[in-house]
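Visitor: Structure file run-v9.txt (compact mmCIF, N, CA and C atoms) right here:
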# COMPACT_ATOMS: atom_id res chain seq x y z
N MET A 1 0.84 -1.19 0.00
CA MET A 1 0.00 0.00 0.00
C MET A 1 0.88 1.25 0.00
N ASN A 2 0.56 2.23 -0.81
CA ASN A 2 1.31 3.48 -0.93
C ASN A 2 0.74 4.50 0.06
N ASN A 3 1.56 4.99 0.99
CA ASN A 3 1.12 5.95 2.00
C ASN A 3 1.47 7.38 1.65
N ARG A 4 2.04 7.62 0.48
CA ARG A 4 2.39 8.99 0.10
C ARG A 4 1.13 9.77 -0.25
N PRO A 5 1.06 11.07 0.19
CA PRO A 5 -0.11 11.87 -0.17
C PRO A 5 -0.14 12.15 -1.67
N ILE A 6 -1.32 12.25 -2.20
CA ILE A 6 -1.49 12.56 -3.61
C ILE A 6 -1.57 14.07 -3.77
N ILE A 7 -0.74 14.63 -4.64
CA ILE A 7 -0.72 16.07 -4.90
C ILE A 7 -1.33 16.30 -6.27
N GLY A 8 -2.36 17.13 -6.34
CA GLY A 8 -2.98 17.44 -7.61
C GLY A 8 -1.99 18.12 -8.54
N LYS A 9 -2.21 18.00 -9.84
CA LYS A 9 -1.25 18.54 -10.80
C LYS A 9 -1.17 20.07 -10.78
N ASN A 10 -2.17 20.74 -10.21
CA ASN A 10 -2.16 22.20 -10.12
C ASN A 10 -2.08 22.69 -8.67
N ALA A 11 -1.58 21.88 -7.77
CA ALA A 11 -1.55 22.23 -6.34
C ALA A 11 -0.75 23.51 -6.08
N ALA A 12 0.41 23.67 -6.70
CA ALA A 12 1.23 24.85 -6.46
C ALA A 12 0.54 26.11 -7.00
N ALA A 13 -0.08 26.02 -8.16
CA ALA A 13 -0.79 27.17 -8.73
C ALA A 13 -1.95 27.58 -7.82
N ASN A 14 -2.69 26.60 -7.33
CA ASN A 14 -3.80 26.90 -6.43
C ASN A 14 -3.31 27.53 -5.13
N MET A 15 -2.20 27.04 -4.60
CA MET A 15 -1.64 27.61 -3.38
C MET A 15 -1.19 29.05 -3.61
N CYS A 16 -0.55 29.33 -4.74
CA CYS A 16 -0.12 30.69 -5.06
C CYS A 16 -1.32 31.64 -5.11
N GLU A 17 -2.39 31.20 -5.69
CA GLU A 17 -3.59 32.03 -5.78
C GLU A 17 -4.12 32.36 -4.39
N ARG A 18 -4.16 31.36 -3.51
CA ARG A 18 -4.65 31.59 -2.14
C ARG A 18 -3.71 32.50 -1.36
N ILE A 19 -2.40 32.32 -1.51
CA ILE A 19 -1.43 33.18 -0.84
C ILE A 19 -1.60 34.62 -1.31
N ASN A 20 -1.78 34.80 -2.60
CA ASN A 20 -1.96 36.14 -3.17
C ASN A 20 -3.18 36.83 -2.55
N LYS A 21 -4.29 36.12 -2.42
CA LYS A 21 -5.50 36.70 -1.82
C LYS A 21 -5.28 37.08 -0.36
N LEU A 22 -4.60 36.23 0.38
CA LEU A 22 -4.31 36.53 1.78
C LEU A 22 -3.44 37.78 1.92
N ILE A 23 -2.46 37.91 1.06
CA ILE A 23 -1.57 39.07 1.11
C ILE A 23 -2.33 40.35 0.75
N ARG A 24 -3.15 40.29 -0.27
CA ARG A 24 -3.93 41.48 -0.66
C ARG A 24 -4.83 41.94 0.48
N ASN A 25 -5.44 41.00 1.20
CA ASN A 25 -6.27 41.36 2.36
C ASN A 25 -5.43 41.97 3.48
N PHE A 26 -4.24 41.43 3.71
CA PHE A 26 -3.33 41.98 4.72
C PHE A 26 -2.93 43.40 4.37
N GLU A 27 -2.66 43.67 3.10
CA GLU A 27 -2.22 45.00 2.66
C GLU A 27 -3.29 46.07 2.90
N LYS A 28 -4.54 45.68 2.91
CA LYS A 28 -5.62 46.65 3.14
C LYS A 28 -5.53 47.28 4.53
N SER A 29 -4.86 46.62 5.48
CA SER A 29 -4.77 47.12 6.85
C SER A 29 -3.56 48.02 7.09
N LEU A 30 -2.72 48.20 6.08
CA LEU A 30 -1.48 48.96 6.27
C LEU A 30 -1.73 50.47 6.29
N ALA A 31 -0.97 51.16 7.12
CA ALA A 31 -0.97 52.62 7.14
C ALA A 31 -0.17 53.12 5.94
N PRO A 32 -0.36 54.40 5.56
CA PRO A 32 0.37 54.93 4.40
C PRO A 32 1.89 54.88 4.52
N ASP A 33 2.41 54.89 5.74
CA ASP A 33 3.87 54.87 5.92
C ASP A 33 4.41 53.47 6.18
N GLU A 34 3.62 52.44 5.87
CA GLU A 34 4.02 51.07 6.10
C GLU A 34 4.07 50.28 4.80
N VAL A 35 4.89 49.23 4.82
CA VAL A 35 4.95 48.28 3.71
C VAL A 35 4.80 46.88 4.28
N ALA A 36 4.30 45.98 3.47
CA ALA A 36 4.17 44.59 3.87
C ALA A 36 5.45 43.85 3.52
N ALA A 37 5.85 42.99 4.40
CA ALA A 37 7.01 42.13 4.17
C ALA A 37 6.62 40.74 4.64
N MET A 38 7.51 39.80 4.43
CA MET A 38 7.25 38.43 4.85
C MET A 38 8.43 37.92 5.65
N SER A 39 8.12 37.05 6.57
CA SER A 39 9.15 36.33 7.30
C SER A 39 8.86 34.85 7.08
N LEU A 40 9.86 34.14 6.63
CA LEU A 40 9.71 32.72 6.39
C LEU A 40 10.47 31.96 7.46
N ALA A 41 9.81 31.03 8.10
CA ALA A 41 10.44 30.27 9.17
C ALA A 41 11.72 29.59 8.68
N SER A 42 11.75 29.17 7.46
CA SER A 42 12.91 28.47 6.92
C SER A 42 14.00 29.43 6.42
N PHE A 43 13.79 30.72 6.59
CA PHE A 43 14.75 31.72 6.10
C PHE A 43 15.28 32.55 7.26
N SER A 44 15.58 31.91 8.37
CA SER A 44 16.15 32.55 9.56
C SER A 44 15.26 33.64 10.14
N ASN A 45 13.98 33.60 9.84
CA ASN A 45 13.01 34.59 10.32
C ASN A 45 13.40 36.02 9.99
N ARG A 46 14.24 36.22 8.99
CA ARG A 46 14.58 37.58 8.54
C ARG A 46 13.44 38.07 7.66
N PRO A 47 13.01 39.32 7.84
CA PRO A 47 11.98 39.84 6.94
C PRO A 47 12.54 40.00 5.53
N ILE A 48 11.73 39.71 4.55
CA ILE A 48 12.12 39.87 3.15
C ILE A 48 10.98 40.56 2.41
N ILE A 49 11.35 41.34 1.42
CA ILE A 49 10.38 41.99 0.54
C ILE A 49 10.28 41.13 -0.71
N ILE A 50 9.06 40.74 -1.04
CA ILE A 50 8.84 39.86 -2.19
C ILE A 50 8.39 40.69 -3.39
N LYS A 51 9.08 40.49 -4.50
CA LYS A 51 8.70 41.16 -5.74
C LYS A 51 7.77 40.29 -6.58
N ARG A 52 8.06 39.00 -6.62
CA ARG A 52 7.25 38.08 -7.43
C ARG A 52 7.05 36.78 -6.68
N LEU A 53 5.92 36.19 -6.91
CA LEU A 53 5.60 34.88 -6.37
C LEU A 53 5.30 33.98 -7.55
N GLY A 54 5.99 32.89 -7.65
CA GLY A 54 5.78 31.96 -8.75
C GLY A 54 5.56 30.55 -8.25
N TYR A 55 5.42 29.62 -9.15
CA TYR A 55 5.20 28.23 -8.79
C TYR A 55 5.68 27.33 -9.90
N TRP A 56 5.90 26.10 -9.55
CA TRP A 56 6.24 25.06 -10.50
C TRP A 56 5.39 23.87 -10.11
N ASN A 57 4.30 23.66 -10.83
CA ASN A 57 3.39 22.56 -10.50
C ASN A 57 4.12 21.24 -10.60
N PRO A 58 3.81 20.29 -9.77
CA PRO A 58 2.66 20.29 -8.88
C PRO A 58 2.95 20.77 -7.46
N ASP A 59 4.23 21.01 -7.09
CA ASP A 59 4.49 21.13 -5.65
C ASP A 59 5.51 22.17 -5.20
N LEU A 60 5.99 23.06 -6.06
CA LEU A 60 6.99 24.05 -5.65
C LEU A 60 6.47 25.48 -5.73
N ILE A 61 6.77 26.26 -4.70
CA ILE A 61 6.49 27.70 -4.67
C ILE A 61 7.84 28.40 -4.80
N VAL A 62 7.91 29.46 -5.62
CA VAL A 62 9.15 30.19 -5.84
C VAL A 62 8.92 31.65 -5.46
N LEU A 63 9.76 32.17 -4.56
CA LEU A 63 9.69 33.56 -4.13
C LEU A 63 10.91 34.30 -4.67
N TYR A 64 10.68 35.46 -5.29
CA TYR A 64 11.75 36.32 -5.79
C TYR A 64 11.64 37.63 -5.04
N GLY A 65 12.72 38.13 -4.49
CA GLY A 65 12.65 39.38 -3.75
C GLY A 65 14.02 39.86 -3.31
N PHE A 66 14.03 40.60 -2.17
CA PHE A 66 15.29 41.12 -1.64
C PHE A 66 15.18 41.35 -0.15
N ASP A 67 16.33 41.41 0.50
CA ASP A 67 16.43 41.71 1.92
C ASP A 67 16.33 43.22 2.07
N PRO A 68 15.36 43.77 2.83
CA PRO A 68 15.21 45.22 2.93
C PRO A 68 16.37 45.89 3.66
N ASN A 69 17.13 45.15 4.45
CA ASN A 69 18.25 45.74 5.19
C ASN A 69 19.52 45.82 4.36
N THR A 70 19.75 44.84 3.50
CA THR A 70 21.00 44.79 2.73
C THR A 70 20.80 45.03 1.24
N GLY A 71 19.57 44.87 0.77
CA GLY A 71 19.32 44.99 -0.67
C GLY A 71 19.69 43.74 -1.45
N GLU A 72 20.17 42.70 -0.77
CA GLU A 72 20.57 41.47 -1.46
C GLU A 72 19.37 40.79 -2.10
N ALA A 73 19.54 40.37 -3.35
CA ALA A 73 18.49 39.66 -4.07
C ALA A 73 18.37 38.24 -3.53
N LEU A 74 17.17 37.68 -3.66
CA LEU A 74 16.98 36.30 -3.24
C LEU A 74 15.98 35.61 -4.15
N LYS A 75 16.14 34.31 -4.23
CA LYS A 75 15.19 33.44 -4.92
C LYS A 75 15.06 32.22 -4.02
N MET A 76 13.86 32.02 -3.50
CA MET A 76 13.64 30.91 -2.58
C MET A 76 12.69 29.92 -3.21
N ILE A 77 13.06 28.66 -3.16
CA ILE A 77 12.23 27.58 -3.70
C ILE A 77 11.80 26.72 -2.52
N GLN A 78 10.49 26.53 -2.39
CA GLN A 78 9.97 25.82 -1.22
C GLN A 78 8.90 24.83 -1.66
N HIS A 79 8.91 23.65 -1.07
CA HIS A 79 7.88 22.65 -1.32
C HIS A 79 6.59 23.11 -0.62
N ILE A 80 5.44 22.89 -1.24
CA ILE A 80 4.18 23.37 -0.67
C ILE A 80 3.89 22.78 0.70
N SER A 81 4.38 21.59 0.98
CA SER A 81 4.13 20.98 2.28
C SER A 81 4.98 21.59 3.39
N GLN A 82 6.00 22.38 3.04
CA GLN A 82 6.89 22.99 4.02
C GLN A 82 6.78 24.50 4.05
N PHE A 83 5.85 25.05 3.35
CA PHE A 83 5.74 26.50 3.21
C PHE A 83 5.02 27.10 4.41
N THR A 84 5.73 27.89 5.20
CA THR A 84 5.17 28.60 6.33
C THR A 84 5.49 30.07 6.15
N LEU A 85 4.49 30.92 6.22
CA LEU A 85 4.65 32.33 5.90
C LEU A 85 4.07 33.19 7.01
N CYS A 86 4.80 34.22 7.40
CA CYS A 86 4.32 35.19 8.38
C CYS A 86 4.36 36.56 7.73
N LEU A 87 3.21 37.20 7.56
CA LEU A 87 3.15 38.55 7.01
C LEU A 87 3.43 39.53 8.14
N ILE A 88 4.32 40.49 7.89
CA ILE A 88 4.67 41.48 8.89
C ILE A 88 4.62 42.87 8.29
N THR A 89 4.59 43.87 9.15
CA THR A 89 4.54 45.27 8.73
C THR A 89 5.88 45.91 9.03
N LEU A 90 6.43 46.63 8.06
CA LEU A 90 7.66 47.40 8.23
C LEU A 90 7.38 48.85 7.89
N LYS A 91 8.14 49.75 8.48
CA LYS A 91 8.05 51.15 8.08
C LYS A 91 8.69 51.29 6.70
N LYS A 92 8.12 52.18 5.88
CA LYS A 92 8.70 52.42 4.56
C LYS A 92 10.11 52.96 4.70
N PRO A 93 10.98 52.64 3.76
CA PRO A 93 12.32 53.23 3.79
C PRO A 93 12.20 54.76 3.73
N PRO A 94 13.12 55.48 4.39
CA PRO A 94 13.02 56.94 4.40
C PRO A 94 13.13 57.57 3.02
N LYS A 95 13.86 56.91 2.11
CA LYS A 95 14.02 57.43 0.75
C LYS A 95 13.70 56.34 -0.24
N GLU A 96 12.97 56.69 -1.28
CA GLU A 96 12.62 55.73 -2.33
C GLU A 96 13.87 55.19 -3.01
N GLU A 97 14.93 56.02 -3.09
CA GLU A 97 16.13 55.56 -3.79
C GLU A 97 16.90 54.49 -3.00
N ASP A 98 16.52 54.23 -1.75
CA ASP A 98 17.14 53.15 -0.98
C ASP A 98 16.75 51.78 -1.51
N VAL A 99 15.64 51.72 -2.26
CA VAL A 99 15.17 50.46 -2.83
C VAL A 99 15.73 50.35 -4.25
N PRO A 100 16.31 49.20 -4.61
CA PRO A 100 16.84 49.05 -5.98
C PRO A 100 15.77 49.40 -7.02
N GLU A 101 16.20 50.04 -8.10
CA GLU A 101 15.27 50.55 -9.11
C GLU A 101 14.31 49.47 -9.63
N ASP A 102 14.82 48.27 -9.89
CA ASP A 102 13.95 47.22 -10.43
C ASP A 102 13.08 46.57 -9.36
N GLU A 103 13.24 46.96 -8.09
CA GLU A 103 12.43 46.40 -7.01
C GLU A 103 11.33 47.35 -6.56
N LYS A 104 11.28 48.57 -7.11
CA LYS A 104 10.27 49.54 -6.69
C LYS A 104 8.89 49.10 -7.16
N PRO A 105 7.85 49.29 -6.31
CA PRO A 105 6.50 48.95 -6.73
C PRO A 105 6.09 49.79 -7.94
N GLU A 106 5.29 49.19 -8.81
CA GLU A 106 4.85 49.89 -10.01
C GLU A 106 3.69 50.84 -9.73
N THR A 107 2.92 50.56 -8.69
CA THR A 107 1.82 51.44 -8.34
C THR A 107 1.79 51.61 -6.84
N ALA A 108 1.15 52.66 -6.36
CA ALA A 108 1.08 52.93 -4.93
C ALA A 108 0.35 51.83 -4.18
N ASN A 109 -0.58 51.13 -4.81
CA ASN A 109 -1.36 50.12 -4.13
C ASN A 109 -0.68 48.76 -4.08
N ARG A 110 0.39 48.58 -4.82
CA ARG A 110 1.10 47.30 -4.81
C ARG A 110 2.20 47.38 -3.77
N ARG A 111 1.86 47.17 -2.52
CA ARG A 111 2.82 47.35 -1.44
C ARG A 111 3.91 46.29 -1.46
N ILE A 112 3.53 45.03 -1.52
CA ILE A 112 4.57 43.99 -1.61
C ILE A 112 5.16 44.04 -3.01
N GLY A 113 4.35 44.29 -3.99
CA GLY A 113 4.85 44.50 -5.33
C GLY A 113 5.06 43.25 -6.14
N PHE A 114 4.51 42.12 -5.72
CA PHE A 114 4.74 40.95 -6.53
C PHE A 114 3.57 40.64 -7.43
N ILE A 115 3.87 39.89 -8.44
CA ILE A 115 2.89 39.43 -9.41
C ILE A 115 2.93 37.92 -9.39
N VAL A 116 1.78 37.29 -9.37
CA VAL A 116 1.75 35.83 -9.44
C VAL A 116 2.06 35.42 -10.88
N ASN A 117 3.15 34.66 -11.04
CA ASN A 117 3.58 34.21 -12.35
C ASN A 117 2.79 33.03 -12.83
N GLU A 118 2.80 32.84 -14.12
CA GLU A 118 2.34 31.57 -14.64
C GLU A 118 3.38 30.54 -14.27
N GLU A 119 3.11 29.30 -14.52
CA GLU A 119 3.99 28.22 -14.08
C GLU A 119 5.42 28.45 -14.55
N GLU A 120 6.36 28.26 -13.63
CA GLU A 120 7.80 28.39 -13.95
C GLU A 120 8.21 27.22 -14.84
N ALA A 121 9.10 27.48 -15.74
CA ALA A 121 9.56 26.42 -16.63
C ALA A 121 10.96 25.99 -16.28
Would you kindly transcribe this structure into structure tokens?
Guide:
Amino acid sequence: MNNRPIIGKNAAANMCERINKLIRNFEKSLAPDEVAAMSLASFSNRPIIIKRLGYWNPDLIVLYGFDPNTGEALKMIQHISQFTLCLITLKKPPKEEDVPEDEKPETANRRIGFIVNEEEA
């Protein structure tokens, strides 16, 4: 008998969609001088700013972003069964130029600034 759980072929895409909705709801509670960030238990609990959220069906979530303290770029690949996310609030950087040019949000309402990608190849 096989005891492994069955993962649907679109499990990662469905999870990305649900994460996106949760983040959008969280962003509605932010003050104008705040930005949303994430802390991942598997990433030393350091807050990170996410630019894009992607997936690779059936079971991988991919986060693209940067460390707000150092500006270092990151790409994190996580299995959906191990994905733990904590949304946190940070004060906006004092100057917009402190954020790398390609990491700046495209609109005022996109606080985290990520876009859910189609399946990663």
Visitor: Let me know the centre plus edge lengths, in Å and rounded to one decimal, of a box with edges along x, y and z that contains all listed atoms of region 62-68 of chain A and is padded by 5 Å on every side, as AutoDock Vina command-line options.
Guide:
--center_x 12.2 --center_y 37.7 --center_z -1.1 --size_x 18.5 --size_y 26.4 --size_z 19.5
Visitor: Using only C-alpha atoms, which residues sit within 9 Å of region 36-39 of chain A once same-chain residues fewer than 6 positions away are excluded, as a list in words?
Guide: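 Residues meeting the cut-off are Ile23, Phe26, Glu27, Leu30, Asn45, Arg46, Pro47, Ile48, Ile49, Ile50, Pro68, Thr84, Leu85, Cys86, Leu87, Ile88, Thr89, Leu90, Lys91, Arg111 and Ile112 of chain A.
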Visitor: Between CA of Ala73 (chain A) and CA of Lys51 (chain A), what distance in Å does the model show, to one decimal?
Guide: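 If I compute the distance from CA of Ala73 (chain A) to CA of Lys51 (chain A), I get 10.0 Å.
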Visitor: Would you compute the distance between atom N of Leu40 (chain A) and atom C of Ile80 (chain A)? Give it in Å to one decimal.
Guide: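 It comes out at 14.1 Å.
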Visitor: Give me, please, the distance in Å between atom C of Lys92 (chain A) and atom C of Val62 (chain A), quoted to one decimal.
Guide: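 Value for the atom C of Lys92 (chain A)-atom C of Val62 (chain A) distance: 23.6 Å.
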Visitor: Fewer than 4 positions away in the same chain doesn't count, so skip those; otherwise give me all residues within 12 Å of Asn14 (chain A), counting only C-alpha atoms, as an MDAnalysis selection string.
Guide: chainID A and resid 7:10 18:21 54:61 80 116:119
Visitor: Rank nothing, just name the residue among A:Leu22, A:Cys16, A:Leu63, A:Ala31 nearest to Met76 (chain A), using all atoms listed in the file.
Guide: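 Closest residue, counting all atoms listed in the file: A:Leu63.
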Visitor: What are the DSSP strand (DSSP E or B) residues of region 9-52 of chain A, as a list in words?
Guide: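 Taking region 9-52 of chain A and keeping strand (DSSP E or B) gives Glu34, Val35, Ala36, Ala37, Met38, Ser39, Leu40, Pro47, Ile48, Ile49, Ile50, Lys51 and Arg52 of chain A.
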Visitor: Please produce an output containing N, CA and C atoms for each residue in the selection, written as a compact mmCIF listing (two decimals), in the frame of the given file.
Guide:
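What ended up in part.txt:
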# COMPACT_ATOMS: atom_id res chain seq x y z
N GLU A 34 3.62 52.44 5.87
CA GLU A 34 4.02 51.07 6.10
C GLU A 34 4.07 50.28 4.80
N VAL A 35 4.89 49.23 4.82
CA VAL A 35 4.95 48.28 3.71
C VAL A 35 4.80 46.88 4.28
N ALA A 36 4.30 45.98 3.47
CA ALA A 36 4.17 44.59 3.87
C ALA A 36 5.45 43.85 3.52
N ALA A 37 5.85 42.99 4.40
CA ALA A 37 7.01 42.13 4.17
C ALA A 37 6.62 40.74 4.64
N MET A 38 7.51 39.80 4.43
CA MET A 38 7.25 38.43 4.85
C MET A 38 8.43 37.92 5.65
N SER A 39 8.12 37.05 6.57
CA SER A 39 9.15 36.33 7.30
C SER A 39 8.86 34.85 7.08
N LEU A 40 9.86 34.14 6.63
CA LEU A 40 9.71 32.72 6.39
C LEU A 40 10.47 31.96 7.46
N PRO A 47 13.01 39.32 7.84
CA PRO A 47 11.98 39.84 6.94
C PRO A 47 12.54 40.00 5.53
N ILE A 48 11.73 39.71 4.55
CA ILE A 48 12.12 39.87 3.15
C ILE A 48 10.98 40.56 2.41
N ILE A 49 11.35 41.34 1.42
CA ILE A 49 10.38 41.99 0.54
C ILE A 49 10.28 41.13 -0.71
N ILE A 50 9.06 40.74 -1.04
CA ILE A 50 8.84 39.86 -2.19
C ILE A 50 8.39 40.69 -3.39
N LYS A 51 9.08 40.49 -4.50
CA LYS A 51 8.70 41.16 -5.74
C LYS A 51 7.77 40.29 -6.58
N ARG A 52 8.06 39.00 -6.62
CA ARG A 52 7.25 38.08 -7.43
C ARG A 52 7.05 36.78 -6.68
Visitor: Would you please extract all alpha helix (DSSP H) residues from region 2-95 of chain A, as assigned by DSSP on the backbone, and give them as a PyMOL selection string?
Guide: chain A and resi 11-27
